[in-house]
file target37.cif (mmCIF, C-alpha atoms and all ligand atoms)
data_entry
#
loop_
_atom_site.label_atom_id
_atom_site.label_comp_id
_atom_site.auth_asym_id
_atom_site.auth_seq_id
_atom_site.Cartn_x
_atom_site.Cartn_y
_atom_site.Cartn_z
CA MET D 1 6.86 4.39 -21.34
CA SER D 2 5.43 2.56 -18.37
CA ALA D 3 3.89 4.65 -15.62
CA LYS D 4 4.97 4.74 -12.01
CA ILE D 5 2.12 3.29 -9.96
CA ILE D 6 1.12 5.64 -7.15
CA ASP D 7 0.39 3.25 -4.30
CA GLY D 8 -2.56 4.87 -2.52
CA LYS D 9 -2.90 1.97 -0.12
CA ALA D 10 0.67 2.34 1.15
CA PHE D 11 0.40 6.15 1.18
CA ALA D 12 -2.84 5.89 3.18
CA ALA D 13 -1.21 3.54 5.68
CA GLY D 14 1.44 6.21 6.24
CA VAL D 15 -1.18 8.92 6.78
CA ARG D 16 -3.14 6.69 9.18
CA GLY D 17 0.06 5.98 11.10
CA ARG D 18 0.78 9.71 11.47
CA VAL D 19 -2.80 10.32 12.61
CA ALA D 20 -2.53 7.49 15.16
CA SER D 21 0.68 8.80 16.70
CA HIS D 22 -0.77 12.32 16.95
CA VAL D 23 -3.91 10.90 18.59
CA ALA D 24 -1.74 8.99 21.08
CA ARG D 25 -0.01 12.28 22.01
CA LEU D 26 -3.35 14.09 22.37
CA LYS D 27 -4.47 11.38 24.78
CA ALA D 28 -1.25 11.26 26.79
CA ASP D 29 -0.67 15.01 27.04
CA HIS D 30 -4.21 16.39 27.12
CA GLY D 31 -6.55 13.50 27.91
CA ILE D 32 -8.40 14.05 24.62
CA THR D 33 -9.73 11.23 22.43
CA PRO D 34 -11.12 12.50 19.11
CA GLY D 35 -14.51 11.06 18.12
CA LEU D 36 -16.14 10.50 14.71
CA ALA D 37 -19.88 9.96 14.27
CA VAL D 38 -21.06 8.34 11.04
CA VAL D 39 -24.75 8.47 10.16
CA LEU D 40 -26.19 5.97 7.70
CA VAL D 41 -29.79 6.22 6.57
CA GLY D 42 -31.21 3.12 4.87
CA GLU D 43 -29.67 -0.19 3.95
CA ASP D 44 -27.56 0.32 0.85
CA PRO D 45 -25.12 -2.65 1.00
CA ALA D 46 -22.19 -0.71 -0.55
CA SER D 47 -22.67 2.13 1.97
CA GLU D 48 -22.77 -0.35 4.85
CA VAL D 49 -19.40 -1.73 3.75
CA TYR D 50 -17.89 1.78 3.67
CA VAL D 51 -19.36 2.70 7.04
CA ARG D 52 -17.98 -0.48 8.64
CA SER D 53 -14.52 0.11 7.22
CA LYS D 54 -14.58 3.76 8.35
CA GLY D 55 -15.51 2.63 11.89
CA LYS D 56 -12.71 0.04 11.93
CA SER D 57 -10.06 2.52 10.73
CA THR D 58 -11.26 5.11 13.25
CA VAL D 59 -10.79 2.72 16.16
CA GLU D 60 -7.42 1.53 14.80
CA ALA D 61 -6.23 5.16 14.84
CA GLY D 62 -7.13 5.33 18.54
CA MET D 63 -10.24 7.46 18.09
CA ASN D 64 -13.82 6.82 19.20
CA SER D 65 -16.30 5.74 16.54
CA TYR D 66 -20.04 6.32 16.90
CA GLU D 67 -22.29 4.66 14.31
CA HIS D 68 -25.89 5.74 13.88
CA LYS D 69 -28.01 3.54 11.61
CA LEU D 70 -31.44 4.91 10.81
CA ASP D 71 -34.29 3.27 8.88
CA ALA D 72 -34.70 4.14 5.21
CA ASP D 73 -38.00 5.90 5.98
CA THR D 74 -36.57 8.12 8.75
CA SER D 75 -38.14 11.59 8.68
CA GLU D 76 -36.13 14.74 8.03
CA ALA D 77 -37.07 15.98 11.53
CA THR D 78 -35.63 12.85 13.18
CA LEU D 79 -32.39 13.10 11.21
CA LEU D 80 -32.05 16.82 11.97
CA ALA D 81 -32.64 16.13 15.68
CA LEU D 82 -29.82 13.55 15.65
CA ILE D 83 -27.46 16.03 13.93
CA ASP D 84 -28.39 18.67 16.50
CA ALA D 85 -27.53 16.26 19.34
CA LEU D 86 -24.20 15.35 17.69
CA ASN D 87 -23.40 19.05 17.16
CA LYS D 88 -23.85 19.59 20.90
CA ASP D 89 -21.97 16.45 22.02
CA PRO D 90 -18.41 17.42 23.07
CA ALA D 91 -17.20 13.81 22.57
CA VAL D 92 -18.00 14.11 18.86
CA ASN D 93 -15.44 16.08 16.83
CA GLY D 94 -16.47 14.90 13.37
CA ILE D 95 -19.86 14.15 11.80
CA LEU D 96 -20.29 12.34 8.48
CA VAL D 97 -23.69 11.69 6.92
CA GLN D 98 -23.22 8.97 4.33
CA LEU D 99 -24.39 10.00 0.84
CA PRO D 100 -26.50 9.44 -1.15
CA LEU D 101 -29.47 9.91 1.17
CA PRO D 102 -32.89 8.40 0.40
CA LYS D 103 -34.83 10.60 -2.03
CA HIS D 104 -37.34 11.98 0.50
CA LEU D 105 -34.50 13.72 2.40
CA ASP D 106 -33.01 17.03 1.26
CA ALA D 107 -29.24 16.37 1.30
CA ASP D 108 -28.29 20.09 1.14
CA LEU D 109 -30.51 20.89 4.11
CA VAL D 110 -29.10 17.98 6.13
CA ILE D 111 -25.44 18.76 5.34
CA ASN D 112 -25.89 22.43 6.17
CA ALA D 113 -27.35 21.48 9.56
CA ILE D 114 -23.97 20.04 10.59
CA ASP D 115 -21.75 22.34 12.68
CA PRO D 116 -19.15 23.47 10.07
CA ALA D 117 -16.37 22.86 12.62
CA LYS D 118 -17.46 19.18 12.79
CA ASP D 119 -18.11 18.83 9.04
CA VAL D 120 -15.23 16.40 8.32
CA ASP D 121 -16.55 15.83 4.77
CA GLY D 122 -16.10 19.54 4.02
CA PHE D 123 -19.50 19.67 2.30
CA HIS D 124 -21.15 22.44 4.40
CA ILE D 125 -21.62 25.71 2.45
CA SER D 126 -19.38 27.53 4.96
CA ASN D 127 -16.50 25.15 4.27
CA VAL D 128 -17.12 25.33 0.52
CA GLY D 129 -16.96 29.14 0.72
CA LEU D 130 -13.85 29.12 2.89
CA LEU D 131 -12.06 26.75 0.49
CA GLY D 132 -13.11 28.86 -2.50
CA THR D 133 -11.68 32.01 -0.91
CA GLY D 134 -8.46 30.34 0.24
CA GLN D 135 -9.30 30.41 3.94
CA LYS D 136 -8.80 27.70 6.54
CA SER D 137 -11.61 25.15 6.24
CA MET D 138 -12.48 21.48 6.40
CA VAL D 139 -11.36 20.07 3.03
CA PRO D 140 -13.32 17.22 1.34
CA CYS D 141 -11.52 13.92 1.94
CA THR D 142 -11.28 12.52 -1.60
CA PRO D 143 -9.82 15.67 -3.21
CA LEU D 144 -7.51 16.15 -0.19
CA GLY D 145 -6.19 12.61 -0.64
CA CYS D 146 -5.61 13.24 -4.36
CA LEU D 147 -3.76 16.50 -3.55
CA MET D 148 -1.49 14.76 -1.04
CA MET D 149 -0.48 12.13 -3.61
CA LEU D 150 0.07 14.79 -6.31
CA ARG D 151 2.25 16.95 -4.04
CA ASP D 152 4.26 13.91 -3.03
CA HIS D 153 4.85 12.92 -6.66
CA HIS D 154 5.51 16.38 -8.17
CA GLY D 155 6.84 18.44 -5.30
CA SER D 156 5.42 21.72 -6.64
CA LEU D 157 2.27 21.77 -8.80
CA SER D 158 2.77 25.42 -9.75
CA GLY D 159 2.08 26.21 -13.41
CA LEU D 160 1.01 22.69 -14.37
CA ASP D 161 -2.04 22.19 -16.60
CA ALA D 162 -4.67 20.27 -14.62
CA VAL D 163 -7.87 18.86 -16.11
CA VAL D 164 -10.59 17.59 -13.78
CA VAL D 165 -13.27 15.51 -15.52
CA GLY D 166 -16.45 15.77 -13.41
CA ARG D 167 -17.99 18.76 -11.62
CA SER D 168 -19.74 17.25 -8.61
CA ASN D 169 -19.80 19.14 -5.31
CA ILE D 170 -18.12 16.24 -3.52
CA VAL D 171 -15.21 15.56 -5.88
CA GLY D 172 -14.79 17.58 -9.09
CA LYS D 173 -15.36 21.14 -7.83
CA PRO D 174 -13.33 20.93 -4.59
CA MET D 175 -10.56 19.09 -6.48
CA ALA D 176 -10.38 21.98 -8.94
CA GLN D 177 -10.24 24.50 -6.05
CA LEU D 178 -7.35 22.68 -4.41
CA LEU D 179 -5.40 22.48 -7.68
CA LEU D 180 -6.01 26.19 -8.25
CA GLY D 181 -4.81 26.83 -4.70
CA ASP D 182 -1.55 25.10 -5.65
CA SER D 183 -1.30 27.35 -8.74
CA CYS D 184 -2.24 24.87 -11.44
CA THR D 185 -3.99 26.14 -14.56
CA VAL D 186 -7.28 24.33 -14.07
CA THR D 187 -9.92 23.16 -16.53
CA ILE D 188 -13.13 21.50 -15.31
CA ALA D 189 -14.67 19.22 -17.93
CA HIS D 190 -18.12 17.57 -17.77
CA SER D 191 -20.78 15.87 -19.86
CA ARG D 192 -21.30 18.95 -22.07
CA THR D 193 -17.60 19.54 -22.76
CA LYS D 194 -16.83 19.72 -26.47
CA ASP D 195 -14.01 17.44 -27.62
CA LEU D 196 -13.20 15.97 -24.23
CA ALA D 197 -10.35 13.92 -25.74
CA GLU D 198 -8.57 17.08 -26.88
CA VAL D 199 -9.10 18.78 -23.50
CA CYS D 200 -7.68 15.75 -21.66
CA ARG D 201 -4.62 15.65 -23.94
CA ARG D 202 -3.57 19.09 -22.64
CA ALA D 203 -3.34 17.85 -19.05
CA ASP D 204 -0.12 17.44 -17.09
CA ILE D 205 -2.45 16.28 -14.31
CA LEU D 206 -5.61 14.44 -15.31
CA VAL D 207 -8.18 13.72 -12.59
CA ALA D 208 -11.08 11.46 -13.60
CA ALA D 209 -14.20 11.67 -11.40
CA VAL D 210 -16.99 10.69 -13.74
CA GLY D 211 -18.57 7.44 -12.58
CA ARG D 212 -18.24 5.73 -15.98
CA PRO D 213 -16.20 2.53 -16.04
CA GLU D 214 -12.93 2.82 -18.01
CA MET D 215 -14.20 5.82 -20.00
CA ILE D 216 -10.82 7.49 -20.56
CA PRO D 217 -8.52 5.61 -22.96
CA GLY D 218 -4.74 5.90 -23.17
CA ASP D 219 -4.80 8.02 -26.31
CA TRP D 220 -6.49 10.86 -24.34
CA VAL D 221 -3.46 11.04 -22.05
CA LYS D 222 -0.47 13.29 -22.72
CA PRO D 223 2.78 11.26 -22.58
CA GLY D 224 4.26 11.53 -19.09
CA ALA D 225 1.13 13.00 -17.48
CA THR D 226 -0.05 12.08 -13.97
CA VAL D 227 -3.41 10.30 -13.98
CA ILE D 228 -5.53 10.27 -10.81
CA ASP D 229 -8.45 7.87 -11.09
CA VAL D 230 -11.20 8.67 -8.58
CA GLY D 231 -13.79 6.36 -10.14
CA ILE D 232 -15.11 3.38 -8.22
CA ASN D 233 -17.25 1.26 -10.53
CA ARG D 234 -18.41 -2.27 -9.87
CA ILE D 235 -18.74 -4.19 -13.15
CA GLU D 236 -19.38 -7.78 -14.25
CA ARG D 237 -16.58 -9.37 -16.26
CA ASP D 238 -16.08 -13.06 -17.05
CA GLY D 239 -18.90 -13.86 -14.62
CA LYS D 240 -17.22 -12.05 -11.72
CA THR D 241 -17.70 -8.64 -10.13
CA LYS D 242 -14.70 -6.42 -10.50
CA LEU D 243 -13.84 -2.90 -9.31
CA VAL D 244 -12.64 -0.57 -12.07
CA GLY D 245 -11.95 3.15 -12.27
CA ASP D 246 -13.00 5.83 -14.74
CA VAL D 247 -9.82 5.41 -16.80
CA HIS D 248 -8.83 2.43 -18.91
CA TYR D 249 -5.93 1.43 -16.73
CA ALA D 250 -3.83 -0.74 -19.08
CA SER D 251 -3.76 1.72 -21.99
CA CYS D 252 -3.35 4.81 -19.76
CA ALA D 253 -0.48 3.21 -17.81
CA GLU D 254 1.44 2.81 -21.09
CA VAL D 255 1.38 6.54 -21.77
CA ALA D 256 1.21 8.21 -18.35
CA GLY D 257 4.19 9.13 -16.19
CA ALA D 258 2.32 8.10 -13.05
CA ILE D 259 -1.10 6.62 -12.33
CA THR D 260 -3.28 5.59 -9.38
CA PRO D 261 -4.78 2.07 -9.55
CA VAL D 262 -8.34 1.04 -8.66
CA PRO D 263 -8.62 -0.48 -6.12
CA GLY D 264 -5.69 0.68 -4.00
CA GLY D 265 -5.44 4.28 -5.18
CA VAL D 266 -7.72 7.16 -4.22
CA GLY D 267 -10.20 5.08 -2.16
CA PRO D 268 -7.91 4.24 0.76
CA MET D 269 -6.71 7.86 0.83
CA THR D 270 -10.31 9.05 1.26
CA ILE D 271 -10.64 7.08 4.50
CA ALA D 272 -7.18 8.19 5.73
CA CYS D 273 -8.11 11.84 5.11
CA LEU D 274 -11.39 11.40 6.97
CA LEU D 275 -9.35 10.37 10.02
CA ALA D 276 -6.95 13.27 9.43
CA ASN D 277 -9.88 15.72 9.27
CA THR D 278 -11.35 14.31 12.49
CA LEU D 279 -8.00 14.81 14.22
CA THR D 280 -7.73 18.35 12.82
CA ALA D 281 -11.26 19.14 14.06
CA ALA D 282 -10.42 17.82 17.54
CA CYS D 283 -7.26 19.96 17.70
CA ARG D 284 -9.14 23.09 16.59
CA ALA D 285 -11.99 22.41 19.04
CA ASN D 286 -9.48 22.30 21.90
CA GLY D 287 -7.34 25.23 20.78
CA LEU D 288 -4.35 22.96 20.15
CA PRO D 289 -1.87 23.14 17.24
CA GLU D 290 -2.98 21.25 14.15
CA PRO D 291 -1.10 18.22 12.84
CA GLU D 292 1.39 19.18 10.15
CA GLY D 293 1.10 17.80 6.62
CA LEU D 294 -2.40 16.43 7.16
CA THR D 295 -4.35 19.48 5.98
CA ALA D 296 -4.42 21.40 2.67
N1 LIG F 301 -12.43 7.01 -4.41
C1 LIG F 301 -13.29 7.62 -3.62
O1 LIG F 301 -13.03 7.76 -2.43
C2 LIG F 301 -14.55 8.16 -4.17
C3 LIG F 301 -14.94 7.76 -5.41
N2 LIG F 301 -16.05 8.28 -6.00
C4 LIG F 301 -16.32 7.84 -7.39
O2 LIG F 301 -15.97 8.90 -8.26
C5 LIG F 301 -16.83 8.92 -9.38
C6 LIG F 301 -17.50 10.29 -9.48
O3 LIG F 301 -18.27 10.51 -8.33
P1 LIG F 301 -19.21 11.82 -8.16
O4 LIG F 301 -18.39 13.03 -8.41
O5 LIG F 301 -19.92 11.66 -6.90
O6 LIG F 301 -20.22 11.57 -9.40
P2 LIG F 301 -21.41 12.46 -9.98
O7 LIG F 301 -22.29 11.50 -10.70
O8 LIG F 301 -21.96 13.35 -8.94
O9 LIG F 301 -20.67 13.39 -11.06
C7 LIG F 301 -20.16 12.87 -12.24
C8 LIG F 301 -19.63 13.97 -13.11
O10 LIG F 301 -19.12 13.39 -14.31
C9 LIG F 301 -19.64 14.08 -15.42
N3 LIG F 301 -19.85 13.17 -16.56
C10 LIG F 301 -20.76 12.17 -16.65
N4 LIG F 301 -20.66 11.58 -17.85
C11 LIG F 301 -19.69 12.21 -18.53
C12 LIG F 301 -19.14 12.08 -19.81
N5 LIG F 301 -19.58 11.15 -20.66
N6 LIG F 301 -18.17 12.92 -20.19
C13 LIG F 301 -17.71 13.86 -19.34
N7 LIG F 301 -18.19 14.04 -18.10
C14 LIG F 301 -19.17 13.23 -17.70
C15 LIG F 301 -20.95 14.68 -14.98
O11 LIG F 301 -21.21 15.80 -15.78
P3 LIG F 301 -22.55 16.71 -15.65
O12 LIG F 301 -22.34 17.54 -14.42
O13 LIG F 301 -22.54 17.51 -16.90
O14 LIG F 301 -23.68 15.75 -15.52
C16 LIG F 301 -20.66 15.02 -13.52
O15 LIG F 301 -20.13 16.30 -13.38
C17 LIG F 301 -17.77 7.74 -9.16
O16 LIG F 301 -17.23 6.60 -9.81
C18 LIG F 301 -17.75 7.53 -7.66
O17 LIG F 301 -18.06 6.21 -7.30
C19 LIG F 301 -16.80 9.23 -5.35
C20 LIG F 301 -16.47 9.66 -4.10
C21 LIG F 301 -15.34 9.12 -3.38
N1 LIG F 302 -20.64 11.64 3.14
C1 LIG F 302 -19.93 10.85 2.36
N2 LIG F 302 -18.57 10.96 2.33
C2 LIG F 302 -17.81 10.16 1.53
O1 LIG F 302 -16.57 10.27 1.51
C3 LIG F 302 -18.47 9.17 0.73
C4 LIG F 302 -19.87 9.09 0.79
N3 LIG F 302 -20.57 9.94 1.59
N4 LIG F 302 -20.54 8.19 0.03
C5 LIG F 302 -19.83 7.22 -0.81
C6 LIG F 302 -18.48 7.74 -1.27
C7 LIG F 302 -17.53 6.66 -1.74
N5 LIG F 302 -16.42 6.68 -0.82
C8 LIG F 302 -15.37 5.77 -0.82
C9 LIG F 302 -14.51 5.62 0.24
C10 LIG F 302 -13.53 4.64 0.24
C11 LIG F 302 -13.36 3.79 -0.82
C12 LIG F 302 -12.33 2.72 -0.77
O2 LIG F 302 -11.65 2.55 0.23
N6 LIG F 302 -12.16 1.92 -1.83
C13 LIG F 302 -11.23 0.80 -1.91
C14 LIG F 302 -11.94 -0.48 -2.35
C15 LIG F 302 -13.10 -0.86 -1.51
C16 LIG F 302 -13.84 -2.05 -2.11
O3 LIG F 302 -13.20 -3.07 -2.41
O4 LIG F 302 -15.06 -1.92 -2.29
C17 LIG F 302 -10.17 1.09 -2.96
O5 LIG F 302 -10.44 1.89 -3.87
O6 LIG F 302 -9.11 0.48 -2.90
C18 LIG F 302 -14.20 3.95 -1.90
C19 LIG F 302 -15.18 4.92 -1.91
C20 LIG F 302 -16.64 7.65 0.11
N7 LIG F 302 -17.77 8.30 -0.10
#

call {"tool": "encode", "arguments": {"input": "target37.cif", "output": "structure tokens", "more": "lines below"}}
Ligand SMILES: NC(=O)C1=CN([C@@H]2O[C@H](COP(=O)(O)OP(=O)(O)OC[C@H]3O[C@@H](n4cnc5c(N)ncnc54)[C@H](OP(=O)(O)O)[C@@H]3O)[C@@H](O)[C@H]2O)C=CC1
Ligand SMILES: Nc1nc(=O)c2c([nH]1)NC[C@@H]1CN(c3ccc(C(=O)N[C@@H](CCC(=O)O)C(=O)O)cc3)C=[N+]21
result
Amino acid sequence: MSAKIIDGKAFAAGVRGRVASHVARLKADHGITPGLAVVLVGEDPASEVYVRSKGKSTVEAGMNSYEHKLDADTSEATLLALIDALNKDPAVNGILVQLPLPKHLDADLVINAIDPAKDVDGFHISNVGLLGTGQKSMVPCTPLGCLMMLRDHHGSLSGLDAVVVGRSNIVGKPMAQLLLGDSCTVTIAHSRTKDLAEVCRRADILVAAVGRPEMIPGDWVKPGATVIDVGINRIERDGKTKLVGDVHYASCAEVAGAITPVPGGVGPMTIACLLANTLTAACRANGLPEPEGLTA
């Protein structure tokens, strides 16, 4: 069997297009232009690339982009003062603080200082609690993008066995919540899981969010399963840098029914969902109906 390739890049282009046309309507009918503020502390080159591409996509969708670059040694008080100002700024509908933060800053404290209504990453404890109790919230972008692709491929996810490998607050846990919300039977696996191979083989839906290049081989995949590869790992091969996921693509694609590639899978959907969340936040802030099909 050869898997269907789930084209995240094309899917993301579709989502961005829908966001852009909704933004155009908001502008024309209500004079509202949604705004996204991205805060980057320090000079991590990979983070700078992401922040630039987020800014570019934001502007392409017709929204305002505000970039705040702070020195690596910025104090917690300075960062919190910036977040306070952004919370109060009516032109800003979404706030994203790029992670990881330098070690001297308490990421939980910083994230929880963001107004939950502007928390387009969905990382604030209020949004985590709302998601966990099935209430309307801001949903983390990467898991939301994965859910959109899964719903598109399967129609209904009800009753399917889902295994999420990884239990981080930004990917694994919210991914598991969303799958549970769609009535999957969910298992969360991690570094202490016994017989991970056997656990993975039960999955109709296998989500890999581990951060270990090509860790999951094809013989861990149930024939016909859907494999969602969240991993973004930069490795050296044949003297070149290459981007690979957390699954061994070639062997998994032989067994799976469908699979997301890296690059061109989950990554582009993360950015598209960030724009979707910013639009959703702007609609909620103005008491307007939310865009359909762009939230969980
Ligand atoms: N495509 C995208 O848009 C995004 C991609 N990513 C990528 O996704 C991956 C995961 O990111 P993130 O969740 O932040 O990573 P974290 O490092 O925060 O979490 C990794 C998880 O994997 C588990 N793990 C580590 N080693 C093993 C192992 N040998 N067997 C089983 N489980 C293991 C850890 O378990 P334990 O808790 O026990 O330590 C942990 O729960 C990374 O490659 C990252 O770059 C992240 C965000 C967005
Ligand atoms: N507060 C916060 N929110 C985040 O959402 C967040 C973060 N911090 N820190 C870093 C991670 C990582 N992340 C990615 C986004 C897009 C791609 C992406 O578009 N990837 C392209 C390839 C890009 C390339 O070539 O490097 C792809 O997979 O096709 C990848 C990774 C968001 N993150």

call {"tool": "closest_residue", "arguments": {"input": "target37.cif", "among": "D:Gly31, D:Gly211, D:Pro291, D:Gly62", "to": "ligand LIG 302 (chain F)", "atoms": "all atoms listed in the file"}}
result
D:Gly211

call {"tool": "residues_near_ligand", "arguments": {"input": "target37.cif", "ligand": "ligand LIG 301 (chain F)", "cutoff": "6 Å", "atoms": "all atoms listed in the file", "output": "PyMOL selection string"}}
result
chain D and resi 142+165-168+170-172+190-192+209-211+230-233+266-267+270

call {"tool": "atom_distance", "arguments": {"input": "target37.cif", "atom1": "atom CA of D:Ser156", "atom2": "atom CA of D:Leu179"}}
result
10.9 Å

call {"tool": "closest_residue", "arguments": {"input": "target37.cif", "among": "D:Gly122, D:Gly287, D:Gly129, D:Gly264", "to": "ligand LIG 302 (chain F)", "atoms": "only C-alpha atoms and all ligand atoms"}}
result
D:Gly264

call {"tool": "residues_near_ligand", "arguments": {"input": "target37.cif", "ligand": "ligand LIG 302 (chain F)", "cutoff": "7 Å", "atoms": "only C-alpha atoms and all ligand atoms", "output": "compact mmCIF listing (two decimals) with C-alpha atoms, in the coordinates of the input"}}
result
# COMPACT_ATOMS: atom_id res chain seq x y z
CA LYS D 9 -2.90 1.97 -0.12
CA SER D 47 -22.67 2.13 1.97
CA TYR D 50 -17.89 1.78 3.67
CA LEU D 96 -20.29 12.34 8.48
CA VAL D 97 -23.69 11.69 6.92
CA GLN D 98 -23.22 8.97 4.33
CA LEU D 99 -24.39 10.00 0.84
CA PRO D 100 -26.50 9.44 -1.15
CA ASP D 121 -16.55 15.83 4.77
CA CYS D 141 -11.52 13.92 1.94
CA THR D 142 -11.28 12.52 -1.60
CA ILE D 232 -15.11 3.38 -8.22
CA LEU D 243 -13.84 -2.90 -9.31
CA VAL D 262 -8.34 1.04 -8.66
CA PRO D 263 -8.62 -0.48 -6.12
CA GLY D 264 -5.69 0.68 -4.00
CA GLY D 265 -5.44 4.28 -5.18
CA VAL D 266 -7.72 7.16 -4.22
CA GLY D 267 -10.20 5.08 -2.16
CA PRO D 268 -7.91 4.24 0.76
CA THR D 270 -10.31 9.05 1.26
CA ILE D 271 -10.64 7.08 4.50

call {"tool": "atom_distance", "arguments": {"input": "target37.cif", "atom1": "atom CA of D:Leu36", "atom2": "atom CA of D:Ser65"}}
result
5.1 Å

call {"tool": "atom_distance", "arguments": {"input": "target37.cif", "atom1": "atom CA of D:Met63", "atom2": "atom CA of D:Ala85"}}
result
19.4 Å

call {"tool": "residues_around", "arguments": {"input": "target37.cif", "residues": "stretch 111-118 of chain D", "least_positions_apart": "5", "cutoff": "8 Å", "atoms": "all atoms listed in the file", "output": "list in words"}}
result
Leu80, Ile83, Asp84, Asn87, Val92, Asn93, Gly94, Ile95, Val97, Phe123, His124, Ile125, Ser126, Asn127, Met138, Thr278, Ala281 and Ala285 of chain D

call {"tool": "closest_residue", "arguments": {"input": "target37.cif", "among": "D:Val128, D:Ile228, D:Ile235, D:Ala282", "to": "D:Ile205", "atoms": "only C-alpha atoms"}}
result
D:Ile228

call {"tool": "closest_residue", "arguments": {"input": "target37.cif", "among": "D:Asp219, D:Val120, D:Phe11, D:Asn286", "to": "D:Met148", "atoms": "only C-alpha atoms"}}
result
D:Phe11

call {"tool": "decode", "arguments": {"input": "target37.cif", "residues": "stretch 194-224 of chain D", "atoms": "C-alpha atoms", "output": "JSON list (two decimals), in the first residue's frame"}}
result
[["chain", "number", "residue", "atom", "x", "y", "z"],
["D", 194, "LYS", "CA", 6.37, 0.76, 27.95],
["D", 195, "ASP", "CA", 6.51, -0.91, 24.53],
["D", 196, "LEU", "CA", 5.89, 2.20, 22.48],
["D", 197, "ALA", "CA", 5.96, 0.15, 19.25],
["D", 198, "GLU", "CA", 3.01, -1.94, 20.42],
["D", 199, "VAL", "CA", 1.07, 1.15, 21.54],
["D", 200, "CYS", "CA", 1.64, 2.83, 18.16],
["D", 201, "ARG", "CA", 0.49, -0.27, 16.28],
["D", 202, "ARG", "CA", -3.00, 0.11, 17.81],
["D", 203, "ALA", "CA", -3.47, 3.56, 16.29],
["D", 204, "ASP", "CA", -5.91, 4.40, 13.52],
["D", 205, "ILE", "CA", -4.53, 7.93, 13.93],
["D", 206, "LEU", "CA", -0.88, 8.28, 14.94],
["D", 207, "VAL", "CA", 0.38, 11.76, 15.85],
["D", 208, "ALA", "CA", 4.13, 12.08, 16.38],
["D", 209, "ALA", "CA", 5.28, 15.13, 18.40],
["D", 210, "VAL", "CA", 8.52, 13.99, 19.94],
["D", 211, "GLY", "CA", 11.40, 16.05, 18.58],
["D", 212, "ARG", "CA", 13.49, 13.01, 17.59],
["D", 213, "PRO", "CA", 14.40, 12.74, 13.91],
["D", 214, "GLU", "CA", 12.75, 9.78, 12.12],
["D", 215, "MET", "CA", 12.14, 7.92, 15.40],
["D", 216, "ILE", "CA", 9.00, 6.06, 14.31],
["D", 217, "PRO", "CA", 9.60, 3.33, 11.72],
["D", 218, "GLY", "CA", 7.04, 1.86, 9.34],
["D", 219, "ASP", "CA", 6.65, -1.36, 11.31],
["D", 220, "TRP", "CA", 5.13, 0.63, 14.22],
["D", 221, "VAL", "CA", 2.30, 1.76, 11.94],
["D", 222, "LYS", "CA", -0.97, -0.16, 11.56],
["D", 223, "PRO", "CA", -1.70, -0.80, 7.86],
["D", 224, "GLY", "CA", -4.00, 1.94, 6.56]]
